[in-house]
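Listing of structure22.cif; format and content: mmCIF, C-alpha atoms.
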data_data
loop_
_atom_site.label_atom_id
_atom_site.label_comp_id
_atom_site.auth_asym_id
_atom_site.auth_seq_id
_atom_site.Cartn_x
_atom_site.Cartn_y
_atom_site.Cartn_z
CA MET A 1 13.01 -0.59 0.65
CA ASP A 2 13.73 0.37 4.27
CA LYS A 3 15.25 -2.00 6.85
CA ARG A 4 12.05 -2.25 8.89
CA THR A 5 10.05 -3.45 5.89
CA LEU A 6 12.78 -5.97 4.99
CA PHE A 7 12.75 -7.24 8.58
CA PHE A 8 8.98 -7.71 8.58
CA LEU A 9 9.10 -9.43 5.20
CA GLY A 10 11.75 -11.81 6.52
CA ILE A 11 9.64 -12.66 9.58
CA SER A 12 6.58 -13.15 7.37
CA PHE A 13 8.38 -15.56 5.05
CA LEU A 14 9.66 -17.48 8.05
CA ILE A 15 6.11 -17.86 9.40
CA LEU A 16 4.89 -19.05 5.99
CA ALA A 17 7.77 -21.53 5.68
CA VAL A 18 7.02 -23.00 9.12
CA MET A 19 3.34 -23.45 8.23
CA LEU A 20 4.19 -25.19 4.95
CA TYR A 21 6.66 -27.41 6.80
CA PHE A 22 3.99 -28.64 9.20
CA VAL A 23 1.51 -29.20 6.37
CA GLY A 24 4.16 -31.12 4.44
CA ILE A 25 6.10 -29.35 1.70
CA ASP A 26 6.28 -32.57 -0.35
CA LYS A 27 2.47 -32.91 -0.24
CA VAL A 28 2.04 -29.28 -1.29
CA ILE A 29 4.41 -29.81 -4.23
CA GLU A 30 2.49 -32.92 -5.30
CA ALA A 31 -0.76 -30.95 -5.20
CA LEU A 32 0.81 -28.19 -7.31
CA LYS A 33 1.90 -30.73 -9.93
CA VAL A 34 -1.68 -31.83 -10.64
CA ALA A 35 -3.16 -28.32 -10.76
CA LYS A 36 -5.14 -27.51 -13.90
CA LEU A 37 -3.42 -24.57 -15.54
CA GLU A 38 -6.53 -23.40 -17.39
CA PHE A 39 -8.28 -22.60 -14.11
CA ILE A 40 -5.20 -20.82 -12.76
CA ALA A 41 -5.00 -18.80 -16.01
CA LEU A 42 -8.67 -17.90 -15.59
CA ALA A 43 -8.01 -16.77 -11.99
CA ILE A 44 -5.11 -14.59 -13.21
CA ALA A 45 -7.33 -13.07 -15.92
CA MET A 46 -9.99 -12.30 -13.32
CA GLN A 47 -7.40 -10.58 -11.14
CA VAL A 48 -6.17 -8.46 -14.06
CA PHE A 49 -9.77 -7.51 -14.83
CA THR A 50 -10.20 -6.55 -11.16
CA TYR A 51 -7.30 -4.10 -11.51
CA TYR A 52 -9.18 -2.56 -14.44
CA LEU A 53 -12.32 -2.25 -12.30
CA TYR A 54 -10.29 -0.51 -9.58
CA ALA A 55 -9.04 2.03 -12.12
CA GLN A 56 -12.53 2.43 -13.61
CA ARG A 57 -14.05 3.20 -10.20
CA TRP A 58 -11.32 5.76 -9.48
CA LYS A 59 -11.94 7.34 -12.89
CA ILE A 60 -15.64 7.78 -12.04
CA LEU A 61 -14.72 9.60 -8.81
CA ASN A 62 -12.09 11.73 -10.56
CA ASN A 63 -14.57 12.81 -13.23
CA VAL A 64 -17.00 13.98 -10.53
CA VAL A 65 -14.49 16.61 -9.37
CA GLY A 66 -13.22 17.54 -12.83
CA ILE A 67 -10.09 15.39 -12.92
CA ASP A 68 -10.06 14.10 -16.49
CA VAL A 69 -7.62 11.20 -16.58
CA GLY A 70 -8.22 7.97 -18.48
CA VAL A 71 -8.07 4.42 -17.17
CA LYS A 72 -4.88 3.81 -19.16
CA LYS A 73 -3.02 6.34 -17.00
CA LEU A 74 -4.79 5.49 -13.75
CA LEU A 75 -4.16 1.74 -13.94
CA PRO A 76 -0.37 1.93 -13.34
CA MET A 77 -1.01 4.29 -10.40
CA VAL A 78 -3.49 1.80 -8.92
CA LEU A 79 -0.88 -0.96 -9.19
CA VAL A 80 1.76 1.23 -7.54
CA GLY A 81 -0.67 1.96 -4.70
CA LEU A 82 -1.43 -1.74 -4.26
CA ALA A 83 2.29 -2.57 -4.20
CA VAL A 84 3.03 0.04 -1.54
CA ASN A 85 0.10 -1.21 0.54
CA ASN A 86 1.47 -4.73 0.30
CA ILE A 87 5.02 -3.98 1.44
CA THR A 88 4.26 -1.63 4.33
CA PRO A 89 3.14 -2.89 7.76
CA SER A 90 0.78 0.06 8.08
CA GLY A 91 -2.65 -1.45 8.07
CA ARG A 92 -2.79 -1.35 4.27
CA GLY A 93 -3.11 2.38 4.04
CA GLY A 94 0.29 3.51 2.74
CA GLY A 95 -0.57 3.21 -0.94
CA GLU A 96 -3.41 5.74 -0.92
CA PRO A 97 -1.32 8.90 -0.35
CA VAL A 98 1.24 7.52 -2.81
CA ARG A 99 -1.17 7.26 -5.73
CA ALA A 100 -2.75 10.59 -4.81
CA TYR A 101 0.69 12.18 -4.92
CA VAL A 102 1.57 10.51 -8.23
CA LEU A 103 -1.70 11.60 -9.85
CA SER A 104 -1.25 15.14 -8.52
CA ARG A 105 2.30 15.43 -9.83
CA GLU A 106 1.87 13.62 -13.15
CA GLU A 107 -1.38 15.31 -14.21
CA ASP A 108 -0.90 18.67 -12.43
CA TYR A 109 -3.96 18.59 -10.16
CA PRO A 110 -4.08 19.89 -6.56
CA MET A 111 -3.03 17.29 -4.01
CA GLU A 112 -6.12 17.93 -1.87
CA GLU A 113 -8.37 17.02 -4.82
CA THR A 114 -6.51 13.86 -5.81
CA PHE A 115 -6.25 12.74 -2.19
CA ALA A 116 -9.99 13.31 -1.69
CA THR A 117 -10.82 11.06 -4.66
CA VAL A 118 -8.46 8.39 -3.33
CA VAL A 119 -10.11 8.55 0.11
CA ALA A 120 -13.54 8.33 -1.53
CA ASP A 121 -12.32 5.38 -3.59
CA ARG A 122 -11.12 3.62 -0.43
CA ALA A 123 -14.43 4.43 1.29
CA LEU A 124 -16.38 2.86 -1.57
CA ASP A 125 -14.20 -0.24 -1.27
CA THR A 126 -14.74 -0.26 2.50
CA PHE A 127 -18.55 -0.08 2.36
CA PRO A 128 -19.16 -3.55 0.83
CA PHE A 129 -16.30 -4.92 2.92
CA VAL A 130 -17.96 -3.80 6.17
CA VAL A 131 -21.27 -5.36 5.07
CA LEU A 132 -19.58 -8.63 4.10
CA ALA A 133 -17.38 -8.60 7.22
CA ALA A 134 -20.39 -8.25 9.54
CA ILE A 135 -22.12 -11.17 7.80
CA THR A 136 -18.89 -13.18 7.91
CA ILE A 137 -18.32 -12.65 11.63
CA ILE A 138 -21.86 -13.78 12.41
CA GLY A 139 -21.65 -16.78 10.07
CA MET A 140 -18.19 -17.88 11.23
CA THR A 141 -19.15 -17.50 14.89
CA LEU A 142 -22.07 -19.86 14.34
CA SER A 143 -19.96 -22.33 12.33
CA PHE A 144 -16.66 -22.36 14.23
CA GLN A 145 -15.48 -22.07 17.83
CA PHE A 146 -13.51 -18.83 17.75
CA PRO A 147 -11.13 -17.88 20.56
CA LEU A 148 -12.64 -14.90 22.35
CA TRP A 149 -9.60 -12.73 21.64
CA LEU A 150 -9.83 -13.37 17.87
CA LEU A 151 -13.54 -12.62 17.79
CA GLY A 152 -12.95 -9.40 19.73
CA LEU A 153 -10.11 -8.45 17.38
CA MET A 154 -12.28 -8.91 14.29
CA VAL A 155 -15.22 -7.01 15.75
CA GLY A 156 -12.87 -4.26 16.90
CA ALA A 157 -11.34 -3.98 13.42
CA VAL A 158 -14.77 -3.57 11.81
CA ILE A 159 -15.80 -0.98 14.42
CA VAL A 160 -12.61 1.04 13.86
CA ILE A 161 -13.15 0.97 10.07
CA VAL A 162 -16.75 2.15 10.46
CA ILE A 163 -15.76 4.94 12.89
CA VAL A 164 -12.98 6.26 10.64
CA LEU A 165 -15.25 6.17 7.60
CA ALA A 166 -18.08 7.91 9.49
CA LEU A 167 -15.72 10.62 10.80
CA ILE A 168 -14.39 11.37 7.31
CA ILE A 169 -17.91 11.65 5.87
CA TYR A 170 -19.14 13.70 8.82
CA MET A 171 -16.19 16.07 8.54
CA CYS A 172 -17.13 16.75 4.94
CA ILE A 173 -20.86 17.36 5.45
CA ASN A 174 -20.55 19.27 8.74
CA PRO A 175 -18.46 22.47 8.36
CA ALA A 176 -18.37 23.02 12.13
CA PHE A 177 -16.83 19.60 12.75
CA GLY A 178 -14.42 20.21 9.87
CA LYS A 179 -13.26 23.40 11.58
CA ARG A 180 -12.70 21.48 14.81
CA VAL A 181 -10.54 18.96 12.95
CA ASP A 182 -8.73 21.86 11.32
CA GLY A 183 -8.11 23.45 14.72
CA TRP A 184 -6.91 20.16 16.21
CA ILE A 185 -4.38 19.68 13.41
CA ILE A 186 -3.23 23.30 13.72
CA GLY A 187 -2.75 22.74 17.45
CA LEU A 188 -0.46 19.82 16.74
CA VAL A 189 1.47 21.91 14.21
CA ARG A 190 1.99 24.71 16.73
CA ARG A 191 3.17 22.21 19.29
CA PHE A 192 5.75 20.44 17.16
CA TYR A 193 6.70 23.07 14.54
CA LYS A 194 7.85 26.26 16.21
CA LYS A 195 9.46 27.90 13.18
CA ASN A 196 7.56 29.19 10.14
CA SER A 197 4.34 27.61 11.35
CA ASP A 198 2.12 30.36 9.85
CA GLU A 199 2.89 29.29 6.29
CA LEU A 200 2.34 25.64 7.15
CA GLU A 201 -0.95 26.48 8.95
CA ASP A 202 -2.22 28.31 5.86
CA LYS A 203 -1.37 25.29 3.74
CA ILE A 204 -3.22 22.98 6.14
CA HIS A 205 -6.28 25.27 6.02
CA ASN A 206 -6.25 25.21 2.22
CA VAL A 207 -5.75 21.45 2.06
CA ILE A 208 -8.57 20.68 4.51
CA ASN A 209 -10.96 23.14 2.83
CA GLY A 210 -10.14 21.74 -0.60
CA PHE A 211 -10.51 18.19 0.70
CA GLN A 212 -13.93 18.99 2.18
CA ASP A 213 -15.18 20.67 -0.99
CA THR A 214 -14.01 17.76 -3.15
CA MET A 215 -15.51 15.12 -0.85
CA LYS A 216 -18.83 16.99 -0.77
CA LEU A 217 -18.99 16.81 -4.57
CA VAL A 218 -18.24 13.09 -4.49
CA ILE A 219 -20.73 12.28 -1.72
CA SER A 220 -23.57 14.29 -3.25
CA ASN A 221 -23.09 12.99 -6.80
CA LYS A 222 -25.70 10.44 -7.89
CA LYS A 223 -23.31 8.93 -10.40
CA CYS A 224 -21.29 7.54 -7.49
CA LEU A 225 -24.42 5.94 -6.06
CA TYR A 226 -25.56 4.45 -9.37
CA TYR A 227 -22.20 3.28 -10.73
CA ALA A 228 -19.35 3.32 -8.23
CA VAL A 229 -21.13 1.59 -5.31
CA PRO A 230 -22.41 -1.39 -7.38
CA LEU A 231 -18.98 -1.57 -8.99
CA SER A 232 -17.45 -1.96 -5.51
CA PHE A 233 -19.65 -4.97 -4.80
CA ILE A 234 -18.79 -6.44 -8.22
CA ILE A 235 -15.08 -6.10 -7.39
CA TRP A 236 -15.53 -8.08 -4.17
CA ILE A 237 -17.51 -10.74 -6.04
CA PHE A 238 -14.63 -11.12 -8.51
CA GLU A 239 -12.18 -11.37 -5.60
CA ILE A 240 -14.13 -14.31 -4.17
CA LEU A 241 -14.67 -15.98 -7.57
CA ARG A 242 -10.93 -15.82 -8.20
CA VAL A 243 -10.30 -17.94 -5.09
CA TYR A 244 -13.08 -20.32 -6.18
CA PHE A 245 -11.38 -20.96 -9.53
CA VAL A 246 -8.02 -21.52 -7.83
CA PHE A 247 -9.61 -24.31 -5.79
CA LEU A 248 -11.18 -25.76 -8.93
CA ALA A 249 -7.67 -25.97 -10.36
CA PHE A 250 -6.88 -28.50 -7.63
CA GLY A 251 -10.12 -30.42 -8.09
CA ALA A 252 -11.67 -29.05 -4.89
CA SER A 253 -15.20 -27.73 -5.22
CA VAL A 254 -15.55 -25.43 -2.24
CA ASN A 255 -18.79 -23.61 -1.47
CA PRO A 256 -18.35 -19.97 -2.63
CA VAL A 257 -20.04 -18.85 0.59
CA VAL A 258 -17.32 -20.57 2.63
CA ILE A 259 -14.66 -19.05 0.38
CA GLY A 260 -16.18 -15.60 0.90
CA GLU A 261 -16.26 -16.04 4.67
CA VAL A 262 -12.65 -17.21 4.89
CA PHE A 263 -11.50 -14.53 2.43
CA ILE A 264 -13.13 -11.71 4.40
CA LEU A 265 -11.76 -13.14 7.65
CA ALA A 266 -8.26 -13.24 6.16
CA CYS A 267 -8.65 -9.63 5.00
CA LEU A 268 -9.59 -8.58 8.53
CA VAL A 269 -6.48 -10.28 9.91
CA GLY A 270 -4.40 -8.69 7.14
CA MET A 271 -5.45 -5.23 8.31
CA ILE A 272 -3.58 -5.67 11.58
CA PRO A 273 -0.59 -3.30 11.15
CA VAL A 274 2.10 -5.82 12.05
CA LEU A 275 3.17 -7.66 8.93
CA PRO A 276 3.46 -6.29 5.36
CA GLY A 277 0.30 -7.28 3.52
CA GLY A 278 -0.51 -9.71 6.33
CA ILE A 279 2.05 -12.20 4.93
CA GLY A 280 2.04 -15.35 7.02
CA ALA A 281 -1.05 -14.48 9.05
CA ILE A 282 -3.39 -14.44 6.05
CA GLU A 283 -1.98 -17.69 4.66
CA GLY A 284 -2.29 -19.34 8.06
CA ILE A 285 -5.93 -18.28 8.48
CA MET A 286 -6.83 -19.46 4.99
CA ILE A 287 -5.10 -22.84 5.29
CA LEU A 288 -6.61 -23.47 8.73
CA PHE A 289 -10.22 -22.63 7.93
CA TYR A 290 -10.28 -24.24 4.48
CA SER A 291 -8.98 -27.40 6.14
CA VAL A 292 -11.72 -27.18 8.79
CA ALA A 293 -14.24 -26.75 5.95
CA GLY A 294 -13.27 -30.15 4.57
CA VAL A 295 -10.44 -29.43 2.13
CA THR A 296 -7.28 -31.47 2.71
CA ALA A 297 -4.40 -29.55 4.29
CA SER A 298 -2.12 -30.10 1.28
CA VAL A 299 -4.70 -28.78 -1.21
CA SER A 300 -5.58 -25.89 1.13
CA ALA A 301 -1.91 -24.93 1.37
CA ALA A 302 -1.27 -25.32 -2.37
CA ALA A 303 -4.38 -23.33 -3.31
CA THR A 304 -3.51 -20.64 -0.78
CA VAL A 305 0.03 -20.30 -2.12
CA ILE A 306 -1.22 -19.95 -5.71
CA GLU A 307 -3.99 -17.56 -4.68
CA ARG A 308 -1.54 -15.31 -2.81
CA VAL A 309 0.87 -15.32 -5.75
CA ILE A 310 -1.99 -14.03 -7.90
CA SER A 311 -3.61 -11.60 -5.46
CA PHE A 312 -0.55 -10.37 -3.53
CA TRP A 313 2.71 -10.95 -5.35
CA MET A 314 1.52 -10.19 -8.87
CA ALA A 315 0.36 -6.69 -7.92
CA THR A 316 3.42 -6.15 -5.72
CA ILE A 317 5.94 -7.10 -8.40
CA ILE A 318 4.18 -5.21 -11.22
CA GLY A 319 3.70 -2.13 -9.01
CA MET A 320 7.33 -2.08 -7.89
CA VAL A 321 8.50 -2.43 -11.50
CA ILE A 322 6.30 0.54 -12.49
CA LEU A 323 7.24 2.72 -9.50
CA PRO A 324 10.65 3.95 -10.81
CA TYR A 325 8.86 5.26 -13.92
CA TYR A 326 7.38 8.05 -11.80
CA GLY A 327 10.82 9.33 -10.85
CA SER A 328 13.32 9.38 -8.04
CA SER A 329 11.25 11.85 -5.99
CA VAL A 330 8.64 9.16 -5.45
CA LEU A 331 11.22 6.48 -4.68
CA ASP A 332 13.35 8.63 -2.37
CA LYS A 333 10.84 10.80 -0.54
CA ILE A 334 7.66 8.81 -0.03
CA SER A 335 9.41 6.15 2.06
CA PHE A 336 6.92 3.57 0.83
CA GLY A 337 3.75 5.13 2.11
CA SER A 338 4.67 7.99 4.41
CA SER A 339 2.01 10.65 3.88
CA LYS A 340 4.12 13.18 5.78
CA GLU A 341 7.01 12.80 3.38
CA ILE A 342 4.67 13.00 0.41
CA GLU A 343 3.42 16.35 1.69
CA GLU A 344 7.00 17.53 2.11
CA SER A 345 7.74 16.43 -1.47
CA THR A 346 4.77 18.43 -2.72
CA GLU A 347 5.89 21.50 -0.80
CA ASP A 348 9.43 21.21 -2.23
CA GLU A 349 8.13 21.01 -5.79
CA ASN A 350 5.82 23.99 -5.26
#

Hey, can you dump this file as structure tokens for me?
Amino acid sequence: MDKRTLFFLGISFLILAVMLYFVGIDKVIEALKVAKLEFIALAIAMQVFTYYLYAQRWKILNNVVGIDVGVKKLLPMVLVGLAVNNITPSGRGGGEPVRAYVLSREEDYPMEETFATVVADRALDTFPFVVLAAITIIGMTLSFQFPLWLLGLMVGAVIVIVIVLALIIYMCINPAFGKRVDGWIIGLVRRFYKKNSDELEDKIHNVINGFQDTMKLVISNKKCLYYAVPLSFIIWIFEILRVYFVFLAFGASVNPVVIGEVFILACLVGMIPVLPGGIGAIEGIMILFYSVAGVTASVSAAATVIERVISFWMATIIGMVILPYYGSSVLDKISFGSSKEIEESTEDEN
């Protein structure tokens, strides 16, 4: 793990510790003592099942483009991707090129194809999130007095997500725009890579063309519409239900609608590329708004700690334990989410 990531993790833990101190660490501990373990176990089971749904959705997309890999092999890659996303302050995008690289290397498929299915998988996850985020922003604005800067930040985050998603889709269905993107990337290559740029330019052409062809297959396939899109909404429902059961463990019956609103709001804050996995910021948002919704601060803090252990730390620890299995090239060259270094690793192996 690089020094920058360790630094950000340290800052994040400090923020979390300060918040727990002001809530009252002794009160949080008392709340944890009375938690009903059966509800926490159910929340953990739901999270594990969510990992399976992630892998199942990715399998559907892979099958569309002829990548025949079972859920059993995809599941560890999903967990590795989640772990890398969680430990990199990169807006939660570092894990996608990592799992594309691992799938490409382990199963001997072209990187442009595996990366296209990963991007499509992320897009399918983003679609219900954008819908829920828009509803959440409207609902929370009517229910709470947001600072103008926070409201603008949330709206801006949703707009950026929509623009990026629209550009990716448009690039794949419009060959002319795809060529413009190709030319723009080649221009950057010529500017920064003076030596042997012809070979690199050819590789970029092939990668972009392969990416476009793969994405076209995914976008035009009805199976994605009938199975993968509803599955994405089901995944988000399970995410919200998991939080609901964590609160039930502490005897707090919180309206699932409120949980959904706070959860989506916390996810928006977590996308700000400052802290790894939004540690500290997400917990603070959740504790604050659950308290405003009528849950005591100690129960809000205790439930948030347990929920983050299940949703954040469980995937992070399992993914980091699995990561060495895929070899030193992944550990040494990907730099926890650097797509540039992944590409260099692929070139070295070829």

Original post:
For the point (-6.7, 14.0, -20.2) in file coordinates, what residues are within 12 Å, counting all atoms listed in the file? Give the answer as a list in words?
Top reply: Lys59, Asn62, Asn63, Gly66, Ile67, Asp68, Val69, Gly70, Val71, Lys72, Lys73, Leu74, Leu103, Glu106, Glu107, Asp108 and Tyr109 of chain A

Subject >> Within 10 Å of file point (-10.9, -36.1, -3.9), counting all atoms listed in the file, expressed as a list in words >> reply: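 Selection result: Phe250, Gly251, Ala252, Ser253, Val295, Thr296 and Val299 of chain A.
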
Original post:
Interatomic distance between atom CA of A:Ser232 and atom CA of A:Thr316?
Top reply: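 Atom-to-atom, atom CA of A:Ser232 to atom CA of A:Thr316, that is 21.3 Å.
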
Original post:
Please, what distance in Å, to one decimal, runs between atom CA of A:Ala133 and atom CA of A:Glu261?
Top reply: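 Between atom CA of A:Ala133 and atom CA of A:Glu261 the gap works out to 7.9 Å.
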
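Pairwise distance (atom CA of A:Asn221, atom CA of A:Ala120) equals 11.9 Å.
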
**OP:** Tell me which residues the PyMOL selection byres ((chain A and resi 300) around 9) grabs here, as a ChimeraX atom specification.
**Re:** /A:28,247,286-291,295-299,301-305

Subject >> Selection result for the PyMOL selection byres ((chain A and resi 218) around 9) on this file, as a VMD selection string >> reply: chain A and resid 61 to 62 64 to 65 116 to 117 120 213 to 217 219 to 224

Original post:
With only C-alpha atoms as the basis for distance, which of A:Ala293, A:Ile29, A:Val78, A:Val102 is at the shortest distance from A:Gly327?
Top reply: A:Val102

Original post:
Applied to this file, what does the PyMOL selection byres ((chain A and resi 318-323) around 9) return in terms of residues, put as a list in words?
Top reply: Pro76, Met77, Val78, Leu79, Val80, Gly81, Leu82, Ala83, Val84, Trp313, Met314, Ala315, Thr316, Ile317, Pro324, Tyr325, Tyr326, Gly327, Val330 and Leu331 of chain A

**OP:** Between A:Leu248, A:Ala266, A:Val257, A:Asn85, single out the one closest to A:Ile306, counting all atoms listed in the file.
**Re:**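 The closest residue to A:Ile306 is A:Leu248.
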
Subject >> Residue with smallest distance to A:Ile60 - pool A:Tyr170, A:Gly156, A:Val118, A:Gln212, counting all atoms listed in the file >> reply: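 Distance minimum relative to A:Ile60 lands on A:Val118.
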
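Minimum distance to A:Thr136 across A:Leu42, A:Val155, A:Ile285, A:Val119 (counting all atoms listed in the file) occurs at A:Val155.
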
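Remark: for A:Met46, the closest of the candidate residues A:Ile310, A:Ala123, A:Leu167, A:Val292 is A:Ile310 (distances computed over only C-alpha atoms).
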